[in-house]
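Okay, structure first, notes after.
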Amino acid sequence: MALISPSRRLRRTAFSEGVEAQGVKAYTVYNRMLLPTVFESIEADYHHLKNNVQIWDVSCERQVELRGPDAAKLMQMLTPRDLRAMMVGQCYYVPIVDETGGMLNDPVAVKLAEDRWWISIADSDLLYWVKGVANGWRLDVLVDEPDVSPLAIQGPKADDLVERVFGESIRNIKFFRYGVYQFEGRDLVVARSGYSKQGGFEIYVEGSDICMPLWNRLFEAGEDLNVRAGCPNLIERIEGGLLSYGNDMTDDNTPHECGLGRFCNTHTAIGCIGRDALLRVANEGPVKQIRAIEIGGDAVPGCDRVWPVFAGGKRVGHLTSAAWSPEFKTNVAIGMVRMTHWDAGTKLEVETPDGMRPALVKDKFWI
Ligand code: THG
């Protein structure tokens with residue numbers, strides 16, 4: 001593919017200078033912002049992530065902030081996940097749906113206070129939907145995108161690195177919980193979360209001015225841990241079944257089709273805008289669903305469009321993410337498969353750019 005021309009519409013981040021000094025080789029665009037995709041190579045980055053610790057500029061995970069007396073009410077209108085038991089200090093993975101039950105985004109919600117929330121969004125313009133809902137319902141809440149740049153620390157040595165900067169108490173943070181830690185006299189939310197299965201943290205850096213100082217401090221502190229700049233890794237996230245909004249699902253899909261039914265409490269999520277539509281589909285169950293798929297043969301090419309999936313010459317679904325896994329020595333993939341062919345062990349055929357390949361429905365993702 002040709003290069004993409006930089007311009008003001010394609011936002012750089014407050015870490016871009018550091019990312020470029022670390023030799024970023026490729027970017028994608030996410031929420032109209034730069035997101036690194038390759039440093040050494042996808043495979044070399046993958047091995048390093050699984051054995052060491054990486055620092056990821058995920059500033060493109062923009063925050064939609066809700067602030068005001070109606071913040072919690074608005075948050076519940078957006079998602080079929082029941083938020084009543086959620087406490088300050090917790091993060092929830094929340095499907096966001098429209099009035100038809102279609103997925104608009106799959107962010108992480110961060111409850112900062114009863115009247116203050118962050119929605120850490122995937123790649124879609126959620127801000128406009130949230131502002132529309134808030135204004136249309138005349139809610140007493142401010143909705144905006146604050147100057148917050150998430151920085152992820154991922155990999156088996158993430159605790160060792162983050163401890164050196166924020167102190168040993170970070171080891172006690174539980175999964176999808178956060179604590180508030182100081183850096184250069186500022187309060188930062190540090191959560192145990194991140195878009196990998198290797199463990200680690202996400203630092204929600206509030207204020208662009210302290211982004212590069214924190215970046216540099218982490219690299220200095222991690223020199224003997226072989227710390228490197230990294231980014232969400234295509235191979236590792238497919239192995240882990242981490243979905244990518246816009247790739248693996250769109251607004252045409254319900255959370256149930258995406259395998260996100262476990263994050264929905266449609267009966268008790270009173271106020272959710274898509275609730276009536278989802279009650280209907282939740283009762284009947286989806287007729288197609290996301291599956292882990294193994295593709296035969298040697299390494300597949302990159303997947304930048306849907307790859308049709310067939311059984312006995314009949315179209316039964318499609319794949320949307322695929323890569324060669326060095327650890328599992330097979331091609332790993334994420335696909336959407338019709339009910340008639342979604343059982344584990346079902347043999348399929350996938351049309352890749354370099355020809356038809358055998359494929360197999362797995363019972364679960366690899367990690
Ligand atoms: N972290 C933060 N914001 C984000 C992402 C993130 N915004 C964009 C994108 N990633 C949103 N999508 C996801 C997808 C998966 C997860 C988080 C955000 C995730 N899932 C875990 C899993 O499936 O194993 C755990 C879910 C759970 O048990 O609650 O972490 O990564 N800040």
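Chain labels run A, B, ... following the order of the structure tokens; each chain numbers its residues from 1, and ligands are numbered from 1 in the order shown.
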Legend entry - Residues within 8 Å of Leu348 in chain A, only C-alpha atoms, excluding chain neighbours under 6 positions, as a list in words: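 Selected residues are Val309, Phe310, Ala311, Gly312, Pro358, Ala359, Leu360 and Val361 of chain A.
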Can I get the selected residues back with N, CA, C and O atoms, as a PDB file, in the first residue's frame?
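Result went into result_34.pdb, see below:
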ATOM      1  N   VAL A 309     -16.392 -17.541   4.033  1.00  0.00           N
ATOM      2  CA  VAL A 309     -16.238 -18.902   4.556  1.00  0.00           C
ATOM      3  C   VAL A 309     -17.363 -19.764   3.993  1.00  0.00           C
ATOM      4  O   VAL A 309     -18.528 -19.341   3.967  1.00  0.00           O
ATOM      5  N   PHE A 310     -17.006 -20.964   3.527  1.00  0.00           N
ATOM      6  CA  PHE A 310     -17.959 -21.878   2.896  1.00  0.00           C
ATOM      7  C   PHE A 310     -17.952 -23.239   3.581  1.00  0.00           C
ATOM      8  O   PHE A 310     -16.972 -23.617   4.230  1.00  0.00           O
ATOM      9  N   ALA A 311     -19.060 -23.945   3.398  1.00  0.00           N
ATOM     10  CA  ALA A 311     -19.145 -25.361   3.785  1.00  0.00           C
ATOM     11  C   ALA A 311     -19.893 -26.067   2.663  1.00  0.00           C
ATOM     12  O   ALA A 311     -21.032 -25.681   2.364  1.00  0.00           O
ATOM     13  N   GLY A 312     -19.231 -27.010   2.023  1.00  0.00           N
ATOM     14  CA  GLY A 312     -19.850 -27.700   0.888  1.00  0.00           C
ATOM     15  C   GLY A 312     -20.299 -26.744  -0.196  1.00  0.00           C
ATOM     16  O   GLY A 312     -21.363 -26.922  -0.792  1.00  0.00           O
ATOM     17  N   PRO A 358      -8.399 -24.966   3.861  1.00  0.00           N
ATOM     18  CA  PRO A 358      -9.254 -25.625   4.852  1.00  0.00           C
ATOM     19  C   PRO A 358      -9.245 -24.830   6.156  1.00  0.00           C
ATOM     20  O   PRO A 358      -8.240 -24.196   6.483  1.00  0.00           O
ATOM     21  N   ALA A 359     -10.355 -24.836   6.860  1.00  0.00           N
ATOM     22  CA  ALA A 359     -10.461 -24.135   8.146  1.00  0.00           C
ATOM     23  C   ALA A 359     -11.263 -24.998   9.111  1.00  0.00           C
ATOM     24  O   ALA A 359     -11.991 -25.898   8.683  1.00  0.00           O
ATOM     25  N   LEU A 360     -11.087 -24.714  10.405  1.00  0.00           N
ATOM     26  CA  LEU A 360     -11.696 -25.546  11.442  1.00  0.00           C
ATOM     27  C   LEU A 360     -12.231 -24.655  12.557  1.00  0.00           C
ATOM     28  O   LEU A 360     -11.514 -23.769  13.051  1.00  0.00           O
ATOM     29  N   VAL A 361     -13.467 -24.896  12.981  1.00  0.00           N
ATOM     30  CA  VAL A 361     -14.041 -24.150  14.110  1.00  0.00           C
ATOM     31  C   VAL A 361     -13.451 -24.702  15.406  1.00  0.00           C
ATOM     32  O   VAL A 361     -13.479 -25.915  15.637  1.00  0.00           O
TER      33      VAL A 361
END
Legend entry - Surrounding residues of range 250-265 of chain A excluding itself and chain neighbours under 4 positions, 9 Å, only C-alpha atoms, as a PyMOL selection string: chain A and resi 79-82+92-98+100-105+243+245-246+269+278+281-282+285-291+336
Restricting it to N, CA, C and O atoms, dump the selection as a short mmCIF file (atom, residue, chain, number, x, y, z; two decimals), in the first residue's frame.
data_model
loop_
_atom_site.label_atom_id
_atom_site.label_comp_id
_atom_site.auth_asym_id
_atom_site.auth_seq_id
_atom_site.Cartn_x
_atom_site.Cartn_y
_atom_site.Cartn_z
N THR A 79 -25.55 1.24 27.66
CA THR A 79 -25.08 -0.16 27.66
C THR A 79 -26.09 -1.14 28.27
O THR A 79 -26.79 -0.79 29.24
N PRO A 80 -26.15 -2.35 27.73
CA PRO A 80 -27.00 -3.39 28.33
C PRO A 80 -26.32 -4.11 29.50
O PRO A 80 -26.88 -5.06 30.05
N ARG A 81 -25.11 -3.70 29.89
CA ARG A 81 -24.50 -4.28 31.09
C ARG A 81 -25.05 -3.54 32.31
O ARG A 81 -25.06 -2.30 32.34
N ASP A 82 -25.51 -4.27 33.32
CA ASP A 82 -26.08 -3.68 34.53
C ASP A 82 -24.95 -3.04 35.35
O ASP A 82 -24.05 -3.74 35.80
N TYR A 92 -15.25 -1.53 33.77
CA TYR A 92 -16.08 -2.57 33.17
C TYR A 92 -15.90 -2.52 31.65
O TYR A 92 -15.91 -1.42 31.08
N TYR A 93 -15.76 -3.69 31.05
CA TYR A 93 -15.85 -3.80 29.60
C TYR A 93 -17.34 -3.75 29.26
O TYR A 93 -18.10 -4.58 29.76
N VAL A 94 -17.77 -2.76 28.47
CA VAL A 94 -19.20 -2.54 28.23
C VAL A 94 -19.55 -2.45 26.74
O VAL A 94 -19.09 -1.55 26.05
N PRO A 95 -20.37 -3.37 26.23
CA PRO A 95 -20.90 -3.17 24.88
C PRO A 95 -21.76 -1.89 24.90
O PRO A 95 -22.49 -1.66 25.87
N ILE A 96 -21.67 -1.08 23.86
CA ILE A 96 -22.53 0.09 23.71
C ILE A 96 -23.41 -0.19 22.50
O ILE A 96 -22.89 -0.57 21.44
N VAL A 97 -24.72 -0.05 22.67
CA VAL A 97 -25.63 -0.40 21.57
C VAL A 97 -26.57 0.75 21.22
O VAL A 97 -26.87 1.60 22.07
N ASP A 98 -27.03 0.74 19.95
CA ASP A 98 -28.03 1.72 19.52
C ASP A 98 -29.44 1.16 19.75
O ASP A 98 -29.60 0.11 20.38
N THR A 100 -31.42 -0.35 17.91
CA THR A 100 -31.70 -1.64 17.28
C THR A 100 -30.90 -2.77 17.95
O THR A 100 -31.00 -3.92 17.53
N GLY A 101 -30.10 -2.42 18.96
CA GLY A 101 -29.24 -3.41 19.60
C GLY A 101 -27.92 -3.60 18.87
O GLY A 101 -27.14 -4.47 19.21
N GLY A 102 -27.67 -2.76 17.85
CA GLY A 102 -26.41 -2.84 17.10
C GLY A 102 -25.25 -2.25 17.88
O GLY A 102 -25.42 -1.22 18.56
N MET A 103 -24.09 -2.86 17.77
CA MET A 103 -22.91 -2.42 18.52
C MET A 103 -22.38 -1.10 17.95
O MET A 103 -22.04 -1.02 16.77
N LEU A 104 -22.27 -0.08 18.81
CA LEU A 104 -21.69 1.20 18.39
C LEU A 104 -20.23 1.31 18.81
O LEU A 104 -19.47 2.10 18.25
N ASN A 105 -19.84 0.52 19.83
CA ASN A 105 -18.49 0.57 20.35
C ASN A 105 -18.38 -0.51 21.42
O ASN A 105 -19.40 -1.04 21.87
N LEU A 243 -11.45 -8.72 20.59
CA LEU A 243 -12.12 -8.26 19.37
C LEU A 243 -11.71 -6.84 19.01
O LEU A 243 -11.36 -6.04 19.87
N TYR A 245 -13.20 -3.57 17.15
CA TYR A 245 -14.41 -2.94 16.61
C TYR A 245 -14.11 -2.36 15.23
O TYR A 245 -13.10 -1.68 15.04
N GLY A 246 -15.00 -2.59 14.27
CA GLY A 246 -14.78 -2.14 12.89
C GLY A 246 -14.16 -3.23 12.04
O GLY A 246 -14.33 -3.25 10.82
N ALA A 269 -30.86 -4.26 32.96
CA ALA A 269 -30.23 -2.99 32.56
C ALA A 269 -31.32 -2.00 32.18
O ALA A 269 -31.45 -1.61 31.01
N LEU A 278 -32.77 -5.78 22.21
CA LEU A 278 -31.91 -6.88 22.67
C LEU A 278 -32.70 -7.95 23.40
O LEU A 278 -32.33 -9.13 23.35
N VAL A 281 -33.74 -10.35 20.70
CA VAL A 281 -32.69 -11.22 20.16
C VAL A 281 -32.10 -12.11 21.25
O VAL A 281 -31.68 -13.24 20.97
N ALA A 282 -32.08 -11.61 22.51
CA ALA A 282 -31.51 -12.42 23.60
C ALA A 282 -32.39 -13.65 23.86
O ALA A 282 -31.91 -14.72 24.19
N GLY A 285 -31.85 -15.95 20.75
CA GLY A 285 -30.44 -16.31 20.56
C GLY A 285 -30.00 -15.89 19.17
O GLY A 285 -30.81 -15.79 18.25
N PRO A 286 -28.70 -15.64 19.03
CA PRO A 286 -28.19 -15.19 17.72
C PRO A 286 -28.20 -16.33 16.72
O PRO A 286 -28.21 -17.50 17.10
N VAL A 287 -28.23 -16.00 15.43
CA VAL A 287 -28.18 -17.03 14.39
C VAL A 287 -26.78 -17.11 13.76
O VAL A 287 -26.50 -18.00 12.97
N LYS A 288 -25.92 -16.20 14.15
CA LYS A 288 -24.50 -16.29 13.79
C LYS A 288 -23.70 -15.74 14.96
O LYS A 288 -24.23 -14.97 15.76
N GLN A 289 -22.45 -16.17 15.08
CA GLN A 289 -21.66 -15.75 16.23
C GLN A 289 -20.16 -15.82 15.93
O GLN A 289 -19.72 -16.61 15.10
N ILE A 290 -19.42 -15.00 16.66
CA ILE A 290 -17.95 -14.98 16.54
C ILE A 290 -17.38 -16.32 17.02
O ILE A 290 -17.82 -16.86 18.04
N ARG A 291 -16.42 -16.81 16.28
CA ARG A 291 -15.74 -18.05 16.64
C ARG A 291 -14.23 -17.93 16.42
O ARG A 291 -13.77 -17.15 15.57
N MET A 336 -17.07 -14.87 11.87
CA MET A 336 -18.49 -14.87 12.21
C MET A 336 -19.11 -16.02 11.43
O MET A 336 -19.01 -16.06 10.20
#
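CA of Trp118 in chain A is positioned 14.9 Å from CA of Ala134 in chain A.
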Please, which residues in chain A fall within 10 Å of ligand 1 when counting only C-alpha atoms and all ligand atoms, and what is the closest atom pair and distance in Å to one decimal for each, ordered by chain then residue number, as a Markdown table?
| residue | atom | partner | partner_atom_place_in_ligand_line | distance |
| --- | --- | --- | --- | --- |
| A:Tyr30 | CA | ligand 1 | 8 (C) | 9.3 |
| A:Asn31 | CA | ligand 1 | 8 (C) | 9.7 |
| A:Val58 | CA | ligand 1 | 3 (N) | 8.0 |
| A:Ser59 | CA | ligand 1 | 3 (N) | 9.2 |
| A:Cys60 | CA | ligand 1 | 8 (C) | 8.1 |
| A:Glu61 | CA | ligand 1 | 7 (N) | 4.7 |
| A:Arg62 | CA | ligand 1 | 7 (N) | 7.4 |
| A:Gln63 | CA | ligand 1 | 3 (N) | 8.2 |
| A:Cys91 | CA | ligand 1 | 29 (O) | 7.8 |
| A:Tyr92 | CA | ligand 1 | 29 (O) | 5.6 |
| A:Tyr93 | CA | ligand 1 | 29 (O) | 4.8 |
| A:Val94 | CA | ligand 1 | 29 (O) | 8.1 |
| A:Pro95 | CA | ligand 1 | 12 (N) | 9.1 |
| A:Asn105 | CA | ligand 1 | 11 (C) | 7.6 |
| A:Asp106 | CA | ligand 1 | 12 (N) | 5.2 |
| A:Pro107 | CA | ligand 1 | 11 (C) | 4.3 |
| A:Val108 | CA | ligand 1 | 3 (N) | 5.2 |
| A:Ala109 | CA | ligand 1 | 32 (N) | 8.0 |
| A:Val110 | CA | ligand 1 | 32 (N) | 8.4 |
| A:Trp118 | CA | ligand 1 | 32 (N) | 9.4 |
| A:Ile119 | CA | ligand 1 | 3 (N) | 7.9 |
| A:Ser120 | CA | ligand 1 | 3 (N) | 4.4 |
| A:Ile121 | CA | ligand 1 | 7 (N) | 4.3 |
| A:Ala122 | CA | ligand 1 | 8 (C) | 3.5 |
| A:Asp123 | CA | ligand 1 | 8 (C) | 6.8 |
| A:Ser124 | CA | ligand 1 | 8 (C) | 9.6 |
| A:Ser149 | CA | ligand 1 | 32 (N) | 9.8 |
| A:Pro150 | CA | ligand 1 | 32 (N) | 6.7 |
| A:Leu151 | CA | ligand 1 | 32 (N) | 8.8 |
| A:Ala152 | CA | ligand 1 | 1 (N) | 8.0 |
| A:Phe175 | CA | ligand 1 | 28 (O) | 8.3 |
| A:Phe176 | CA | ligand 1 | 29 (O) | 6.6 |
| A:Ala191 | CA | ligand 1 | 32 (N) | 8.3 |
| A:Arg192 | CA | ligand 1 | 30 (O) | 9.5 |
| A:Ser193 | CA | ligand 1 | 30 (O) | 6.0 |
| A:Gly194 | CA | ligand 1 | 31 (O) | 4.2 |
| A:Tyr195 | CA | ligand 1 | 31 (O) | 3.7 |
| A:Ser196 | CA | ligand 1 | 30 (O) | 7.2 |
| A:Lys197 | CA | ligand 1 | 24 (O) | 6.8 |
| A:Gly199 | CA | ligand 1 | 30 (O) | 9.8 |
| A:Phe201 | CA | ligand 1 | 1 (N) | 9.3 |
| A:Glu202 | CA | ligand 1 | 32 (N) | 6.5 |
| A:Ile203 | CA | ligand 1 | 32 (N) | 8.5 |
| A:Tyr204 | CA | ligand 1 | 32 (N) | 7.9 |
| A:Pro232 | CA | ligand 1 | 31 (O) | 8.6 |
| A:Arg237 | CA | ligand 1 | 15 (C) | 9.1 |
| A:Gly240 | CA | ligand 1 | 24 (O) | 7.1 |
| A:Gly241 | CA | ligand 1 | 23 (O) | 6.8 |
| A:Leu242 | CA | ligand 1 | 15 (C) | 5.1 |
| A:Leu243 | CA | ligand 1 | 14 (C) | 5.6 |
| A:Ser244 | CA | ligand 1 | 12 (N) | 6.5 |
| A:Tyr245 | CA | ligand 1 | 12 (N) | 7.2 |
| A:Gly259 | CA | ligand 1 | 23 (O) | 10.0 |
| A:Leu260 | CA | ligand 1 | 23 (O) | 8.8 |
| A:Arg262 | CA | ligand 1 | 28 (O) | 9.2 |
| A:Phe263 | CA | ligand 1 | 29 (O) | 7.7 |
| A:Ile367 | CA | ligand 1 | 24 (O) | 9.1 |
Inset, instruction - Could you tell me, as a PyMOL selection string, which residues of range 188-308 of chain A DSSP assigns to helix (DSSP H, G or I) when given the backbone? - result: chain A and resi 208-221+223-225+234-239+261-263+275-284
Include N, CA and C atoms and write out the residues we just selected as a JSON list (two decimals), in the first residue's frame.
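In the end it all went to again-v6.json:
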[["chain", "number", "residue", "atom", "x", "y", "z"],
["A", 208, "SER", "N", -1.31, 16.50, 28.53],
["A", 208, "SER", "CA", -0.30, 16.14, 27.52],
["A", 208, "SER", "C", 1.10, 16.53, 27.94],
["A", 209, "ASP", "N", 1.21, 17.54, 28.80],
["A", 209, "ASP", "CA", 2.53, 18.04, 29.18],
["A", 209, "ASP", "C", 3.35, 17.01, 29.96],
["A", 210, "ILE", "N", 2.71, 16.06, 30.64],
["A", 210, "ILE", "CA", 3.50, 15.08, 31.40],
["A", 210, "ILE", "C", 3.65, 13.75, 30.65],
["A", 211, "CYS", "N", 3.17, 13.68, 29.41],
["A", 211, "CYS", "CA", 3.27, 12.42, 28.66],
["A", 211, "CYS", "C", 4.73, 12.04, 28.39],
["A", 212, "MET", "N", 5.49, 12.90, 27.77],
["A", 212, "MET", "CA", 6.88, 12.56, 27.46],
["A", 212, "MET", "C", 7.74, 12.39, 28.72],
["A", 213, "PRO", "N", 7.57, 13.24, 29.76],
["A", 213, "PRO", "CA", 8.30, 12.97, 31.00],
["A", 213, "PRO", "C", 8.01, 11.57, 31.56],
["A", 214, "LEU", "N", 6.74, 11.11, 31.53],
["A", 214, "LEU", "CA", 6.41, 9.77, 32.05],
["A", 214, "LEU", "C", 6.99, 8.69, 31.13],
["A", 215, "TRP", "N", 6.86, 8.88, 29.83],
["A", 215, "TRP", "CA", 7.42, 7.94, 28.84],
["A", 215, "TRP", "C", 8.92, 7.73, 29.12],
["A", 216, "ASN", "N", 9.64, 8.84, 29.26],
["A", 216, "ASN", "CA", 11.09, 8.76, 29.48],
["A", 216, "ASN", "C", 11.42, 8.11, 30.81],
["A", 217, "ARG", "N", 10.67, 8.44, 31.84],
["A", 217, "ARG", "CA", 10.89, 7.86, 33.17],
["A", 217, "ARG", "C", 10.72, 6.34, 33.13],
["A", 218, "LEU", "N", 9.69, 5.85, 32.42],
["A", 218, "LEU", "CA", 9.45, 4.40, 32.31],
["A", 218, "LEU", "C", 10.58, 3.71, 31.56],
["A", 219, "PHE", "N", 11.07, 4.33, 30.49],
["A", 219, "PHE", "CA", 12.16, 3.71, 29.73],
["A", 219, "PHE", "C", 13.45, 3.65, 30.55],
["A", 220, "GLU", "N", 13.75, 4.73, 31.30],
["A", 220, "GLU", "CA", 14.94, 4.73, 32.17],
["A", 220, "GLU", "C", 14.81, 3.65, 33.23],
["A", 221, "ALA", "N", 13.62, 3.57, 33.85],
["A", 221, "ALA", "CA", 13.41, 2.62, 34.95],
["A", 221, "ALA", "C", 13.47, 1.17, 34.47],
["A", 223, "GLU", "N", 15.32, -0.16, 31.86],
["A", 223, "GLU", "CA", 16.46, -0.50, 30.99],
["A", 223, "GLU", "C", 16.91, -1.96, 31.18],
["A", 224, "ASP", "N", 17.08, -2.39, 32.43],
["A", 224, "ASP", "CA", 17.55, -3.76, 32.69],
["A", 224, "ASP", "C", 16.44, -4.79, 32.56],
["A", 225, "LEU", "N", 15.20, -4.35, 32.29],
["A", 225, "LEU", "CA", 14.10, -5.30, 32.05],
["A", 225, "LEU", "C", 13.89, -5.51, 30.55],
["A", 234, "LEU", "N", -1.22, -7.92, 16.61],
["A", 234, "LEU", "CA", -2.25, -8.63, 15.85],
["A", 234, "LEU", "C", -2.31, -10.11, 16.21],
["A", 235, "ILE", "N", -1.15, -10.77, 16.27],
["A", 235, "ILE", "CA", -1.14, -12.23, 16.51],
["A", 235, "ILE", "C", -1.64, -12.52, 17.92],
["A", 236, "GLU", "N", -1.09, -11.81, 18.90],
["A", 236, "GLU", "CA", -1.42, -12.08, 20.29],
["A", 236, "GLU", "C", -2.90, -11.79, 20.58],
["A", 237, "ARG", "N", -3.45, -10.74, 19.96],
["A", 237, "ARG", "CA", -4.86, -10.41, 20.26],
["A", 237, "ARG", "C", -5.82, -11.40, 19.60],
["A", 238, "ILE", "N", -5.43, -11.98, 18.48],
["A", 238, "ILE", "CA", -6.27, -13.04, 17.89],
["A", 238, "ILE", "C", -6.18, -14.29, 18.76],
["A", 239, "GLU", "N", -4.97, -14.68, 19.15],
["A", 239, "GLU", "CA", -4.83, -15.83, 20.06],
["A", 239, "GLU", "C", -5.70, -15.67, 21.30],
["A", 261, "GLY", "N", -22.32, -11.66, 25.08],
["A", 261, "GLY", "CA", -23.52, -11.86, 25.90],
["A", 261, "GLY", "C", -23.20, -11.87, 27.38],
["A", 262, "ARG", "N", -21.99, -12.33, 27.74],
["A", 262, "ARG", "CA", -21.63, -12.37, 29.16],
["A", 262, "ARG", "C", -21.45, -10.98, 29.76],
["A", 263, "PHE", "N", -21.36, -9.95, 28.92],
["A", 263, "PHE", "CA", -21.26, -8.57, 29.41],
["A", 263, "PHE", "C", -22.61, -7.84, 29.28],
["A", 275, "ARG", "N", -32.48, -1.80, 24.87],
["A", 275, "ARG", "CA", -32.95, -2.93, 25.69],
["A", 275, "ARG", "C", -34.08, -3.72, 25.02],
["A", 276, "ASP", "N", -35.09, -3.05, 24.51],
["A", 276, "ASP", "CA", -36.22, -3.78, 23.91],
["A", 276, "ASP", "C", -35.76, -4.62, 22.72],
["A", 277, "ALA", "N", -34.93, -4.03, 21.88],
["A", 277, "ALA", "CA", -34.42, -4.78, 20.72],
["A", 277, "ALA", "C", -33.59, -5.97, 21.17],
["A", 278, "LEU", "N", -32.77, -5.78, 22.21],
["A", 278, "LEU", "CA", -31.91, -6.88, 22.67],
["A", 278, "LEU", "C", -32.70, -7.95, 23.40],
["A", 279, "LEU", "N", -33.78, -7.58, 24.09],
["A", 279, "LEU", "CA", -34.61, -8.59, 24.77],
["A", 279, "LEU", "C", -35.15, -9.57, 23.74],
["A", 280, "ARG", "N", -35.53, -9.05, 22.57],
["A", 280, "ARG", "CA", -36.03, -9.94, 21.51],
["A", 280, "ARG", "C", -34.92, -10.88, 21.03],
["A", 281, "VAL", "N", -33.74, -10.35, 20.70],
["A", 281, "VAL", "CA", -32.69, -11.22, 20.16],
["A", 281, "VAL", "C", -32.10, -12.11, 21.25],
["A", 282, "ALA", "N", -32.08, -11.61, 22.51],
["A", 282, "ALA", "CA", -31.51, -12.42, 23.60],
["A", 282, "ALA", "C", -32.39, -13.65, 23.86],
["A", 283, "ASN", "N", -33.72, -13.49, 23.71],
["A", 283, "ASN", "CA", -34.65, -14.60, 23.91],
["A", 283, "ASN", "C", -34.45, -15.68, 22.86],
["A", 284, "GLU", "N", -34.34, -15.26, 21.60],
["A", 284, "GLU", "CA", -34.25, -16.23, 20.52],
["A", 284, "GLU", "C", -32.82, -16.73, 20.32]]
Excluding Ser16 in chain A and residues on its chain fewer than 4 positions from it, collect all residues at most 10 Å away from it, counting only C-alpha atoms, and give them as a tab-separated table (two decimals) with C-alpha atoms, in the first residue's frame.
chain	number	residue	atom	x	y	z
A	11	ARG	CA	-3.97	13.57	14.98
A	12	ARG	CA	-0.51	12.86	16.38
A	20	GLU	CA	9.22	7.77	16.54
A	21	ALA	CA	12.50	7.88	18.51
A	22	GLN	CA	11.90	4.16	19.30
A	24	VAL	CA	7.99	2.83	14.86
A	34	LEU	CA	-2.06	7.61	15.05
A	35	LEU	CA	-1.80	4.11	16.53
A	36	PRO	CA	1.50	2.24	16.06
A	57	ASP	CA	1.05	4.59	23.08
A	59	SER	CA	-3.67	7.59	23.19
A	211	CYS	CA	3.27	12.42	28.66
A	212	MET	CA	6.88	12.56	27.46
